[in-house]
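To start, the structure under review is shown below, and the notes come after it.
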Protein chains: 2
Amino acid sequence: MEAFFNPRSVVLIGVSRESGPGAYNNLETMTRFGYSGRIRVVHPKAVEILGHPVAASVGDLDEVPELAVISVGRERVLPAVGDCLEKGVRRFVVISQGFADADERGKELQRELVEATRRYGARVVGPNTMGVLDSFDGFSTAFIDLPRDPSPPRISLVVQSGVFQVGLESFTEHAGKAIDIGNGCDVDFTDLLEYFEKDPLTDLIVLHMEGMMRGRKFLETAARVGRCKPVVVFKTGRSAAGARAALSHTGSLVGEDELFEEAFAEAGIVRVRGMVELQAVTRAFRSFNPMAGPRLGVVTATGACGIMTADACEDHGLELASFPESIREGLENERIAWHRLGNPVDIWPLGMVTGSFVDVLKRSSTGLLDGEGVDGLLLIAPVMASPLHRDLELEKALREIQGRNLERKPVAVWIYGDGAKAYEPVLNEIPGVACFSTIDEAVMGLGATWRYERWRRKKTPGDRFRMPEPSPSHKIALPDEGPVVDARAFDLLRHYGIPVAEGETVLHEDDAARVARRTGYPVVLKIVSPQWLHKSDQGGVRVGIGDEKTLREAFEELQALFESRTPDGLLQGFLVQKQVEGVEILVGIKRDPQFGPVLAAGMGGVYTEVLRDVARRLLPASFEDALEMLDSLRMAPLLKGVRGRQPADLAALARLMEALSRLAADHPRLAEMDLNPVLAGPRGCWCADCRMIMG
Amino acid sequence: MEAFFNPRSVVLIGVSRESGPGAYNNLETMTRFGYSGRIRVVHPKAVEILGHPVAASVGDLDEVPELAVISVGRERVLPAVGDCLEKGVRRFVVISQGFADADERGKELQRELVEATRRYGARVVGPNTMGVLDSFDGFSTAFIDLPRDPSPPRISLVVQSGVFQVGLESFTEHAGKAIDIGNGCDVDFTDLLEYFEKDPLTDLIVLHMEGMMRGRKFLETAARVGRCKPVVVFKTGRSAAGARAALSHTGSLVGEDELFEEAFAEAGIVRVRGMVELQAVTRAFRSFNPMAGPRLGVVTATGACGIMTADACEDHGLELASFPESIREGLENERIAWHRLGNPVDIWPLGMVTGSFVDVLKRSSTGLLDGEGVDGLLLIAPVMASPLHRDLELEKALREIQGRNLERKPVAVWIYGDGAKAYEPVLNEIPGVACFSTIDEAVMGLGATWRYERWRRKKTPGDRFRMPEPSPSHKIALPDEGPVVDARAFDLLRHYGIPVAEGETVLHEDDAARVARRTGYPVVLKIVSPQWLHKSDQGGVRVGIGDEKTLREAFEELQALFESRTPDGLLQGFLVQKQVEGVEILVGIKRDPQFGPVLAAGMGGVYTEVLRDVARRLLPASFEDALEMLDSLRMAPLLKGVRGRQPADLAALARLMEALSRLAADHPRLAEMDLNPVLAGPRGCWCADCRMIMG
């Protein structure tokens, strides 16, 4: 991978003969960026471009360049790559557009590009990319004249658009290295996580992701890298997600974006949802050790900003620390006995009455940072341009505060006033201090460090994202494709120890009555048929049947209904089932194209789609995972017993979910599965209906 | 009110004798700000301060100043105000802290201040304020040396903290006038809305609100002012809201912040939830005509930003406009036939292939702005500092675009690159164009203008927030205080035409059986007693009683339960009620201390508290209001008939809600009321239980 960032020699194919304004000549921009390796240029007609001798073809080159940068029209890419491969080139940056980003022909060309390079063990960045920017080594493949950072920070970017390199200031503000993988046909996020994991010039990794490649491998890698280097992701295309057709409820309830959210959280990837958050979060990770807890101390020159900070804490997962009582005496002043001292510390009245605003600021900041119950500090103070306010020597104060901040807790700063913008760089120079444009952004950034730290303490096992080998120990024959709604589905559940509501599928009315006598009334009666997959909605279910007479009537009605509605349907029978009481839950499995099998659990019955109260987890899911999922539901209070009701048997539910996870692992051809409803009573839970989709 | 912003003469009481750095001398800062009126200073000891002659007392002044600015210690404020009143001063800015912002003594002092000034018909801004800033007239009462805007914009601020004046750049960026009402003991938001409504130097009003005064009057005024001048509010203290004890479900479900949200929306007040949004929204209203619809056209130099814009649109209530097909031909280029042309228009490939990026930018921007289905434009383009990119002449292009933008649709711009920050002021000079720091902020700002415009088109009646006069036409005697749970509550409902589930409250078992025979089985049996307000949770309800034998058993059980649990309780009887089927809804009334009576409707039963799916509306509520409320619920699909179920009778529900609104208007002593559950069936709805709290 190093050859992409700092190649000893490079060949450019597709350079314009023009240069200067409007030419977008990447030979010119590469040179201006300060590349010090050897440059070769191939052009069919030119003899010399910008003083560089030009070869008419790759074969004519006097050496084998380490990297080829290709920006010819899409139809000419493959021939150029072919020439390079033959010459011995093994690394490619394909700038050209019009591949999988465009039409069917583009997709085909991209497939051919991958096949051609794979045969030679070569690697490709792109196509549809701006390529690489490395401010350490002075290498850039961009056709835009980018500024080179004279003191690059140890932040590395992996993005899917050159806008992050061109508009660096608006995204992460700085970067030492940035690579645009474009369509990501070969070199992908996982490759680069592995590279940056070992790169000594990288402390923080920021990803811009439009689409995922190698989902499970990516998560496994990110979770490992995240142990030592924070991984931040700006995933875009949230709004395009969802709305894909699905045969099961679970399928429709596990939306693409919701699954990204869940997967990122589990792998410790810090997700940001927009540019403002990206700026804030990058700044926080660049400047701070992560907060060791959610408790924020606040020192503010105005009470109003204390209130704004409290709002922001609620928005971003932090809380106001308790005021350390040990520092009360040192701050209180009898001349303003009415002043309410607490966290946030409102220092203005104290500063006015003692005559030294800065002194009160230092004492309260240091007092808070010394407090055991404080994990970080937000300092809010004015910086005015006027000579009348020269007394507010913030830099000196902050250097003293940091001198005593031995645990290096984060110190976020929001300064305001007509002198603030110009003064920010002065304060940003102080190690462990960072200025933010707003209170919201300060708290947003701090909150992200705590989210990250909380994950890091959780110790996700290294194989969390690996599926166990399938080892089905039963003999139940399942089809390769299509729905399974009959007794086989229930048999399979029972085999995995999943409790099923007592009952039997029968064809005749007398058998129905026999089953009901055995299970006891009330019973439920349901049509079993692949044409009646949504039997509740279709009217194919009768509940609360209290006696045999009603059962027989219901049987005849359903039989008539089946025949009139689906005369050509396959009737597998009628399920007679003991009616179980309990909270209705849906538990299901979905196989996601990016992330593989996923377990879902949520509110059952008619509420499922309406409220979308569903927890999701990538398989395998343990008993503890299942409990966590149930706990995260909005409906959790219903399960735990609300308003005098008995709590549901959460342990039984979690065991069921764990068993379903094993079942899914053993059956890689299982595409979707609904257990809907599972009825969760105070002692035990039972699956009352089940549907599998294979293939 | 004008005397606060531009007084002919002012007296300062509490000026420091010191001046220069660290003195916070408001005589010094007032002078520096450029005040040109007459200044008088009162000080008990000094003879002269900063060249101004000083009077020892107010009585000694040679004239009656129009305004007094007071910043003495809190105990000395009232005597000073008294002296001024006697002298004839009628306008006060009380800078001093330690009033209602502090302790009980402070609250008392504030009450006394209000009483003293009211007697003289005088007006007070503050206490606990930085006072006034008027860059037009050069008047500032701040003790901070603030810069005066040489070309003030027509934006006026009403705030509750001086931080907005001191840190103007971080909040609204600019302001022509700003007034900090501090504790708002007298002059309040409504006064200032009325003033700025008529002020020719105000086009946009921004409020920072910690607490509300005169809720209904404020809303009425804001809704009127909002017809011609947008009113933006930054309401802080969101997190402190809620958690107040309430006797009814409705009470606990109408949280303080949720009510502000609802009230602001109805009055057309544009609410922002943080500093970032405040900046973005202010900028949008300052620069743009409101969007006439939600449809955004996007011209972008990079596809990745098109995706980010789509995400932001979803977040902020806008949508991507359909691509106007009429402009396709003028943009397409056969050399990149693979290029997918649509909205967002990705101009980079087109610019590269045609050789003029700016030309494509102009043609697509103008094409979109001309489109009937486009309500605004977001333009995304790079601005590089490098001389190699001098060809990207954005300013010229944008002036041409605006020259053809005859309808003056908003043109928001996000520029990126190392030349962007310096270039923003150049583009911001172009009328109807505004640059934003991020795509998110651009869309946030545009979205707010559409939210405002949509409200403005709705034509809320002028008396929307006025309660009709109470005119109860019944003879049902209600207590002044305490709960009403007996037949009187049901009688009252019936009087207002609210359907009640058939039934009767009885004391004897035989009567219960008689009632049940009349209504028909199944029935419900409930304990009626003020000690059993939460009878469902307490086990005082039996449902699904199918025959007389079961009824008699249940009667005896409940009787025994009542006696064992509440031997000293007041048993008003047992309610025998026909069991009605339908979706369970809660409908209720709450009287809010800020906003008066509020109607609430939401999901009933055990789901009420768990899901908090509740719509709220200030009374009076019409039939249409009620329908809108029901439609806004997450559970709305359940009411409209989900998965084959029959829809509930929404019209009957809305009629019930409208009737309840009238009932509440007629009974100003009604504090809280729950109709819970109301059962909404396919044909009609019935209240099955009702509780009123008076007082």
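Lettering and numbering for the structure tokens are positional, with chains as A, B, ... in the shown order, residues counted from 1 in each chain, and ligands counted from 1 in the shown order.
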
Polymer residues at most 9 Å from region 607-620 of chain B, only C-alpha atoms, same-chain spacing of 5 or more positions, as a PDB file with N, CA, C and O atoms, in the first residue's frame:
```pdb
ATOM      1  N   ARG A 634     -38.142   0.811  22.830  1.00  0.00           N
ATOM      2  CA  ARG A 634     -39.017   1.788  23.467  1.00  0.00           C
ATOM      3  C   ARG A 634     -40.065   1.079  24.314  1.00  0.00           C
ATOM      4  O   ARG A 634     -40.522   1.586  25.318  1.00  0.00           O
ATOM      5  N   MET A 635     -40.456  -0.123  23.858  1.00  0.00           N
ATOM      6  CA  MET A 635     -41.494  -0.846  24.560  1.00  0.00           C
ATOM      7  C   MET A 635     -40.948  -1.596  25.783  1.00  0.00           C
ATOM      8  O   MET A 635     -41.705  -2.292  26.470  1.00  0.00           O
ATOM      9  N   ALA A 636     -39.659  -1.455  26.074  1.00  0.00           N
ATOM     10  CA  ALA A 636     -39.056  -2.211  27.172  1.00  0.00           C
ATOM     11  C   ALA A 636     -39.872  -2.114  28.467  1.00  0.00           C
ATOM     12  O   ALA A 636     -40.047  -3.134  29.160  1.00  0.00           O
ATOM     13  N   PRO A 637     -40.405  -0.932  28.810  1.00  0.00           N
ATOM     14  CA  PRO A 637     -41.197  -0.874  30.056  1.00  0.00           C
ATOM     15  C   PRO A 637     -42.384  -1.837  30.050  1.00  0.00           C
ATOM     16  O   PRO A 637     -42.752  -2.374  31.086  1.00  0.00           O
ATOM     17  N   LEU A 638     -42.975  -2.075  28.867  1.00  0.00           N
ATOM     18  CA  LEU A 638     -44.082  -3.026  28.787  1.00  0.00           C
ATOM     19  C   LEU A 638     -43.598  -4.421  29.161  1.00  0.00           C
ATOM     20  O   LEU A 638     -44.300  -5.182  29.811  1.00  0.00           O
ATOM     21  N   VAL A 642     -45.397  -2.749  33.397  1.00  0.00           N
ATOM     22  CA  VAL A 642     -45.755  -1.356  33.603  1.00  0.00           C
ATOM     23  C   VAL A 642     -47.120  -1.315  34.256  1.00  0.00           C
ATOM     24  O   VAL A 642     -47.949  -2.201  34.056  1.00  0.00           O
TER      25      VAL A 642
ATOM     26  N   HIS B 249     -52.896  11.581  33.390  1.00  0.00           N
ATOM     27  CA  HIS B 249     -51.989  11.141  32.340  1.00  0.00           C
ATOM     28  C   HIS B 249     -51.683  12.301  31.400  1.00  0.00           C
ATOM     29  O   HIS B 249     -50.554  12.540  31.020  1.00  0.00           O
ATOM     30  N   THR B 250     -52.741  13.005  31.028  1.00  0.00           N
ATOM     31  CA  THR B 250     -52.559  14.125  30.113  1.00  0.00           C
ATOM     32  C   THR B 250     -51.516  15.079  30.686  1.00  0.00           C
ATOM     33  O   THR B 250     -50.624  15.549  29.991  1.00  0.00           O
ATOM     34  N   SER B 252     -49.013  14.543  32.613  1.00  0.00           N
ATOM     35  CA  SER B 252     -47.627  14.090  32.510  1.00  0.00           C
ATOM     36  C   SER B 252     -47.188  13.954  31.061  1.00  0.00           C
ATOM     37  O   SER B 252     -46.006  13.865  30.776  1.00  0.00           O
ATOM     38  N   LEU B 253     -48.159  13.959  30.152  1.00  0.00           N
ATOM     39  CA  LEU B 253     -47.799  13.743  28.743  1.00  0.00           C
ATOM     40  C   LEU B 253     -47.633  15.046  27.972  1.00  0.00           C
ATOM     41  O   LEU B 253     -47.245  15.039  26.818  1.00  0.00           O
ATOM     42  N   VAL B 254     -47.963  16.155  28.597  1.00  0.00           N
ATOM     43  CA  VAL B 254     -47.784  17.433  27.917  1.00  0.00           C
ATOM     44  C   VAL B 254     -46.608  18.134  28.586  1.00  0.00           C
ATOM     45  O   VAL B 254     -46.769  18.913  29.512  1.00  0.00           O
ATOM     46  N   GLU B 258     -42.343  20.244  24.899  1.00  0.00           N
ATOM     47  CA  GLU B 258     -43.220  19.801  23.815  1.00  0.00           C
ATOM     48  C   GLU B 258     -44.305  20.844  23.546  1.00  0.00           C
ATOM     49  O   GLU B 258     -44.731  21.035  22.405  1.00  0.00           O
ATOM     50  N   LEU B 259     -44.727  21.511  24.598  1.00  0.00           N
ATOM     51  CA  LEU B 259     -45.770  22.518  24.448  1.00  0.00           C
ATOM     52  C   LEU B 259     -45.213  23.772  23.771  1.00  0.00           C
ATOM     53  O   LEU B 259     -45.878  24.378  22.919  1.00  0.00           O
ATOM     54  N   GLU B 262     -45.083  23.035  20.109  1.00  0.00           N
ATOM     55  CA  GLU B 262     -46.405  23.112  19.487  1.00  0.00           C
ATOM     56  C   GLU B 262     -46.875  24.563  19.369  1.00  0.00           C
ATOM     57  O   GLU B 262     -47.358  24.991  18.314  1.00  0.00           O
ATOM     58  N   ALA B 263     -46.684  25.327  20.439  1.00  0.00           N
ATOM     59  CA  ALA B 263     -47.160  26.712  20.444  1.00  0.00           C
ATOM     60  C   ALA B 263     -46.402  27.537  19.404  1.00  0.00           C
ATOM     61  O   ALA B 263     -46.993  28.307  18.647  1.00  0.00           O
ATOM     62  N   GLU B 266     -47.569  26.753  15.872  1.00  0.00           N
ATOM     63  CA  GLU B 266     -48.875  27.320  15.534  1.00  0.00           C
ATOM     64  C   GLU B 266     -48.810  28.814  15.305  1.00  0.00           C
ATOM     65  O   GLU B 266     -49.572  29.364  14.515  1.00  0.00           O
ATOM     66  N   ARG B 464     -56.980  33.097  17.093  1.00  0.00           N
ATOM     67  CA  ARG B 464     -56.653  31.690  17.327  1.00  0.00           C
ATOM     68  C   ARG B 464     -56.266  31.410  18.790  1.00  0.00           C
ATOM     69  O   ARG B 464     -56.585  30.357  19.331  1.00  0.00           O
ATOM     70  N   PHE B 465     -55.554  32.344  19.397  1.00  0.00           N
ATOM     71  CA  PHE B 465     -55.014  32.065  20.731  1.00  0.00           C
ATOM     72  C   PHE B 465     -55.863  32.662  21.849  1.00  0.00           C
ATOM     73  O   PHE B 465     -55.480  32.650  22.993  1.00  0.00           O
ATOM     74  N   ARG B 466     -57.039  33.214  21.455  1.00  0.00           N
ATOM     75  CA  ARG B 466     -57.919  33.772  22.481  1.00  0.00           C
ATOM     76  C   ARG B 466     -58.966  32.735  22.878  1.00  0.00           C
ATOM     77  O   ARG B 466     -59.601  32.139  22.003  1.00  0.00           O
ATOM     78  N   MET B 467     -59.144  32.508  24.170  1.00  0.00           N
ATOM     79  CA  MET B 467     -60.152  31.554  24.617  1.00  0.00           C
ATOM     80  C   MET B 467     -61.522  32.216  24.556  1.00  0.00           C
ATOM     81  O   MET B 467     -61.672  33.365  24.959  1.00  0.00           O
ATOM     82  N   PRO B 468     -62.544  31.488  24.062  1.00  0.00           N
ATOM     83  CA  PRO B 468     -63.891  32.052  24.080  1.00  0.00           C
ATOM     84  C   PRO B 468     -64.355  32.264  25.527  1.00  0.00           C
ATOM     85  O   PRO B 468     -63.858  31.621  26.448  1.00  0.00           O
ATOM     86  N   ILE B 585     -57.822   5.102  22.792  1.00  0.00           N
ATOM     87  CA  ILE B 585     -57.247   6.440  22.641  1.00  0.00           C
ATOM     88  C   ILE B 585     -57.358   7.163  23.973  1.00  0.00           C
ATOM     89  O   ILE B 585     -58.294   6.922  24.729  1.00  0.00           O
ATOM     90  N   LEU B 586     -56.399   8.014  24.242  1.00  0.00           N
ATOM     91  CA  LEU B 586     -56.537   8.926  25.372  1.00  0.00           C
ATOM     92  C   LEU B 586     -56.781  10.325  24.818  1.00  0.00           C
ATOM     93  O   LEU B 586     -56.078  10.765  23.898  1.00  0.00           O
ATOM     94  N   PHE B 595     -49.394  28.685  28.951  1.00  0.00           N
ATOM     95  CA  PHE B 595     -50.204  28.767  27.737  1.00  0.00           C
ATOM     96  C   PHE B 595     -51.684  28.484  27.962  1.00  0.00           C
ATOM     97  O   PHE B 595     -52.456  28.471  27.013  1.00  0.00           O
ATOM     98  N   GLY B 596     -52.083  28.223  29.219  1.00  0.00           N
ATOM     99  CA  GLY B 596     -53.492  27.944  29.472  1.00  0.00           C
ATOM    100  C   GLY B 596     -53.888  26.570  28.979  1.00  0.00           C
ATOM    101  O   GLY B 596     -53.055  25.668  28.864  1.00  0.00           O
ATOM    102  N   PRO B 597     -55.185  26.390  28.656  1.00  0.00           N
ATOM    103  CA  PRO B 597     -55.677  25.038  28.385  1.00  0.00           C
ATOM    104  C   PRO B 597     -55.166  24.446  27.067  1.00  0.00           C
ATOM    105  O   PRO B 597     -55.071  25.137  26.058  1.00  0.00           O
ATOM    106  N   VAL B 598     -54.857  23.185  27.139  1.00  0.00           N
ATOM    107  CA  VAL B 598     -54.259  22.443  26.026  1.00  0.00           C
ATOM    108  C   VAL B 598     -55.027  21.149  25.845  1.00  0.00           C
ATOM    109  O   VAL B 598     -55.359  20.482  26.822  1.00  0.00           O
ATOM    110  N   LEU B 599     -55.286  20.800  24.588  1.00  0.00           N
ATOM    111  CA  LEU B 599     -55.926  19.526  24.284  1.00  0.00           C
ATOM    112  C   LEU B 599     -54.835  18.518  23.903  1.00  0.00           C
ATOM    113  O   LEU B 599     -53.891  18.879  23.200  1.00  0.00           O
ATOM    114  N   ALA B 600     -54.971  17.297  24.409  1.00  0.00           N
ATOM    115  CA  ALA B 600     -54.001  16.262  24.054  1.00  0.00           C
ATOM    116  C   ALA B 600     -54.747  15.031  23.570  1.00  0.00           C
ATOM    117  O   ALA B 600     -55.841  14.737  24.036  1.00  0.00           O
ATOM    118  N   ALA B 601     -54.161  14.329  22.610  1.00  0.00           N
ATOM    119  CA  ALA B 601     -54.754  13.072  22.165  1.00  0.00           C
ATOM    120  C   ALA B 601     -53.632  12.123  21.786  1.00  0.00           C
ATOM    121  O   ALA B 601     -52.632  12.546  21.199  1.00  0.00           O
ATOM    122  N   GLY B 602     -53.786  10.881  22.162  1.00  0.00           N
ATOM    123  CA  GLY B 602     -52.718   9.940  21.838  1.00  0.00           C
ATOM    124  C   GLY B 602     -53.154   8.524  22.068  1.00  0.00           C
ATOM    125  O   GLY B 602     -54.335   8.222  22.290  1.00  0.00           O
ATOM    126  N   ASP B 625     -58.577  21.065  13.471  1.00  0.00           N
ATOM    127  CA  ASP B 625     -57.411  20.907  14.346  1.00  0.00           C
ATOM    128  C   ASP B 625     -57.331  19.478  14.869  1.00  0.00           C
ATOM    129  O   ASP B 625     -56.269  18.863  14.898  1.00  0.00           O
ATOM    130  N   ALA B 626     -58.493  18.978  15.305  1.00  0.00           N
ATOM    131  CA  ALA B 626     -58.521  17.642  15.893  1.00  0.00           C
ATOM    132  C   ALA B 626     -58.093  16.591  14.860  1.00  0.00           C
ATOM    133  O   ALA B 626     -57.300  15.694  15.157  1.00  0.00           O
ATOM    134  N   MET B 629     -54.428  16.730  14.445  1.00  0.00           N
ATOM    135  CA  MET B 629     -53.754  16.113  15.593  1.00  0.00           C
ATOM    136  C   MET B 629     -53.708  14.596  15.440  1.00  0.00           C
ATOM    137  O   MET B 629     -52.671  13.972  15.629  1.00  0.00           O
ATOM    138  N   LEU B 630     -54.850  14.017  15.113  1.00  0.00           N
ATOM    139  CA  LEU B 630     -54.905  12.555  14.982  1.00  0.00           C
ATOM    140  C   LEU B 630     -53.970  12.097  13.875  1.00  0.00           C
ATOM    141  O   LEU B 630     -53.282  11.084  13.990  1.00  0.00           O
ATOM    142  N   SER B 632     -51.251  13.402  12.973  1.00  0.00           N
ATOM    143  CA  SER B 632     -49.830  13.559  13.289  1.00  0.00           C
ATOM    144  C   SER B 632     -49.301  12.469  14.211  1.00  0.00           C
ATOM    145  O   SER B 632     -48.099  12.399  14.470  1.00  0.00           O
ATOM    146  N   LEU B 633     -50.174  11.620  14.722  1.00  0.00           N
ATOM    147  CA  LEU B 633     -49.712  10.581  15.644  1.00  0.00           C
ATOM    148  C   LEU B 633     -48.930   9.499  14.916  1.00  0.00           C
ATOM    149  O   LEU B 633     -49.217   9.181  13.771  1.00  0.00           O
ATOM    150  N   ARG B 634     -47.944   8.943  15.581  1.00  0.00           N
ATOM    151  CA  ARG B 634     -47.251   7.779  15.022  1.00  0.00           C
ATOM    152  C   ARG B 634     -48.237   6.633  14.822  1.00  0.00           C
ATOM    153  O   ARG B 634     -48.101   5.822  13.925  1.00  0.00           O
ATOM    154  N   MET B 635     -49.234   6.570  15.713  1.00  0.00           N
ATOM    155  CA  MET B 635     -50.193   5.481  15.628  1.00  0.00           C
ATOM    156  C   MET B 635     -51.268   5.724  14.581  1.00  0.00           C
ATOM    157  O   MET B 635     -52.170   4.886  14.424  1.00  0.00           O
ATOM    158  N   GLU B 658     -63.407  18.230  19.647  1.00  0.00           N
ATOM    159  CA  GLU B 658     -63.899  19.590  19.522  1.00  0.00           C
ATOM    160  C   GLU B 658     -64.852  19.904  20.689  1.00  0.00           C
ATOM    161  O   GLU B 658     -64.797  20.991  21.288  1.00  0.00           O
ATOM    162  N   SER B 661     -63.001  20.533  23.810  1.00  0.00           N
ATOM    163  CA  SER B 661     -62.421  21.875  23.777  1.00  0.00           C
ATOM    164  C   SER B 661     -63.443  22.888  24.281  1.00  0.00           C
ATOM    165  O   SER B 661     -63.120  23.767  25.093  1.00  0.00           O
ATOM    166  N   ARG B 662     -64.702  22.777  23.836  1.00  0.00           N
ATOM    167  CA  ARG B 662     -65.739  23.689  24.307  1.00  0.00           C
ATOM    168  C   ARG B 662     -65.969  23.530  25.805  1.00  0.00           C
ATOM    169  O   ARG B 662     -66.103  24.495  26.545  1.00  0.00           O
ATOM    170  N   ALA B 664     -63.869  22.592  28.048  1.00  0.00           N
ATOM    171  CA  ALA B 664     -62.760  23.192  28.799  1.00  0.00           C
ATOM    172  C   ALA B 664     -62.876  24.711  28.803  1.00  0.00           C
ATOM    173  O   ALA B 664     -62.582  25.364  29.807  1.00  0.00           O
ATOM    174  N   ALA B 665     -63.319  25.275  27.680  1.00  0.00           N
ATOM    175  CA  ALA B 665     -63.471  26.727  27.609  1.00  0.00           C
ATOM    176  C   ALA B 665     -64.534  27.203  28.593  1.00  0.00           C
ATOM    177  O   ALA B 665     -64.403  28.262  29.202  1.00  0.00           O
TER     178      ALA B 665
END
```

May I have the residues within 6 Å of Gly540 (chain B) as a compact mmCIF listing (two decimals) with all heavy atoms, in the first residue's frame, using only C-alpha atoms and disregarding those fewer than 5 positions away in the same chain?
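Saved to part_20.txt:
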```txt
# COMPACT_ATOMS: atom_id res chain seq x y z
N LYS B 526 -66.10 -1.47 37.34
CA LYS B 526 -65.01 -0.62 37.85
C LYS B 526 -65.36 0.00 39.19
O LYS B 526 -66.49 0.43 39.39
CB LYS B 526 -64.75 0.55 36.87
CG LYS B 526 -64.44 0.17 35.45
CD LYS B 526 -64.44 1.42 34.56
CE LYS B 526 -64.10 1.06 33.12
NZ LYS B 526 -64.20 2.23 32.23
N ILE B 527 -64.38 0.07 40.07
CA ILE B 527 -64.56 0.78 41.34
C ILE B 527 -64.56 2.29 41.07
O ILE B 527 -63.71 2.79 40.33
CB ILE B 527 -63.41 0.45 42.32
CG1 ILE B 527 -63.47 -1.03 42.72
CG2 ILE B 527 -63.45 1.36 43.55
CD1 ILE B 527 -62.32 -1.47 43.60
N LYS B 535 -57.44 3.35 38.86
CA LYS B 535 -58.07 2.07 39.20
C LYS B 535 -57.57 0.90 38.36
O LYS B 535 -57.46 -0.21 38.88
CB LYS B 535 -59.59 2.18 39.15
CG LYS B 535 -60.18 2.77 37.88
CD LYS B 535 -61.69 2.92 38.07
CE LYS B 535 -62.33 3.69 36.94
NZ LYS B 535 -61.92 5.12 36.91
```

Quick one: residues within 12 Å of Phe562 (chain A), only C-alpha atoms, excluding same-chain residues fewer than 2 positions away - as a VMD selection string? chain A and resid 526 to 532 535 538 to 541 555 to 560 564 to 574

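Here CA of Ala501 (chain B) stands at a distance of 13.5 Å from CA of Arg683 (chain B).
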
Just how far from CA of Leu653 (chain B) is CA of Gly215 (chain B), in Å to one decimal?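 Between CA of Gly215 (chain B) and CA of Leu653 (chain B) the gap works out to 28.3 Å.
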
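You can rank B:Gly121, B:Pro431, B:Gly14, B:Gly226 by their closest distance to Ile70 (chain B) using only C-alpha atoms, and at the top of that list sits B:Gly14.
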
Counting only C-alpha atoms, what is within 8 Å of region 495-499 of chain A, bar same-chain residues fewer than 3 positions away, as a PyMOL selection string? chain A and resi 474+491-492+656+659-660+662-663+685-687

Those residues with N, CA and C atoms, as a short mmCIF file (atom, residue, chain, number, x, y, z; two decimals), in the first residue's frame please?
```
data_model
loop_
_atom_site.label_atom_id
_atom_site.label_comp_id
_atom_site.auth_asym_id
_atom_site.auth_seq_id
_atom_site.Cartn_x
_atom_site.Cartn_y
_atom_site.Cartn_z
N HIS A 474 -29.83 -31.84 12.81
CA HIS A 474 -31.15 -32.44 12.65
C HIS A 474 -31.31 -33.01 11.23
N ASP A 491 -41.04 -27.66 13.68
CA ASP A 491 -40.14 -28.75 14.10
C ASP A 491 -38.72 -28.22 14.27
N LEU A 492 -38.33 -27.37 13.32
CA LEU A 492 -36.98 -26.82 13.37
C LEU A 492 -36.79 -25.98 14.64
N LEU A 656 -34.53 -17.70 23.75
CA LEU A 656 -35.13 -17.95 22.43
C LEU A 656 -34.32 -17.24 21.34
N ALA A 659 -31.05 -18.94 20.70
CA ALA A 659 -31.26 -20.19 19.97
C ALA A 659 -31.51 -19.90 18.48
N LEU A 660 -32.26 -18.85 18.23
CA LEU A 660 -32.55 -18.49 16.84
C LEU A 660 -31.26 -18.07 16.13
N ARG A 662 -28.32 -19.36 16.70
CA ARG A 662 -27.65 -20.62 16.35
C ARG A 662 -28.29 -21.25 15.13
N LEU A 663 -29.61 -21.24 15.13
CA LEU A 663 -30.36 -21.80 14.00
C LEU A 663 -29.94 -21.12 12.69
N CYS A 685 -41.95 -18.02 27.29
CA CYS A 685 -42.48 -17.38 26.10
C CYS A 685 -42.65 -18.45 25.04
N TRP A 686 -43.58 -18.22 24.12
CA TRP A 686 -43.90 -19.22 23.11
C TRP A 686 -44.05 -18.59 21.75
N CYS A 687 -43.50 -19.25 20.78
CA CYS A 687 -43.70 -18.80 19.41
C CYS A 687 -45.05 -19.31 18.93
#
```

Between A:Gly59, A:Pro65, A:Gly51, A:Pro127, which is the closest to Ser9 (chain A) once you count only C-alpha atoms?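 Going through A:Gly59, A:Pro65, A:Gly51, A:Pro127 one by one, the smallest distance to Ser9 (chain A) is for A:Pro65.
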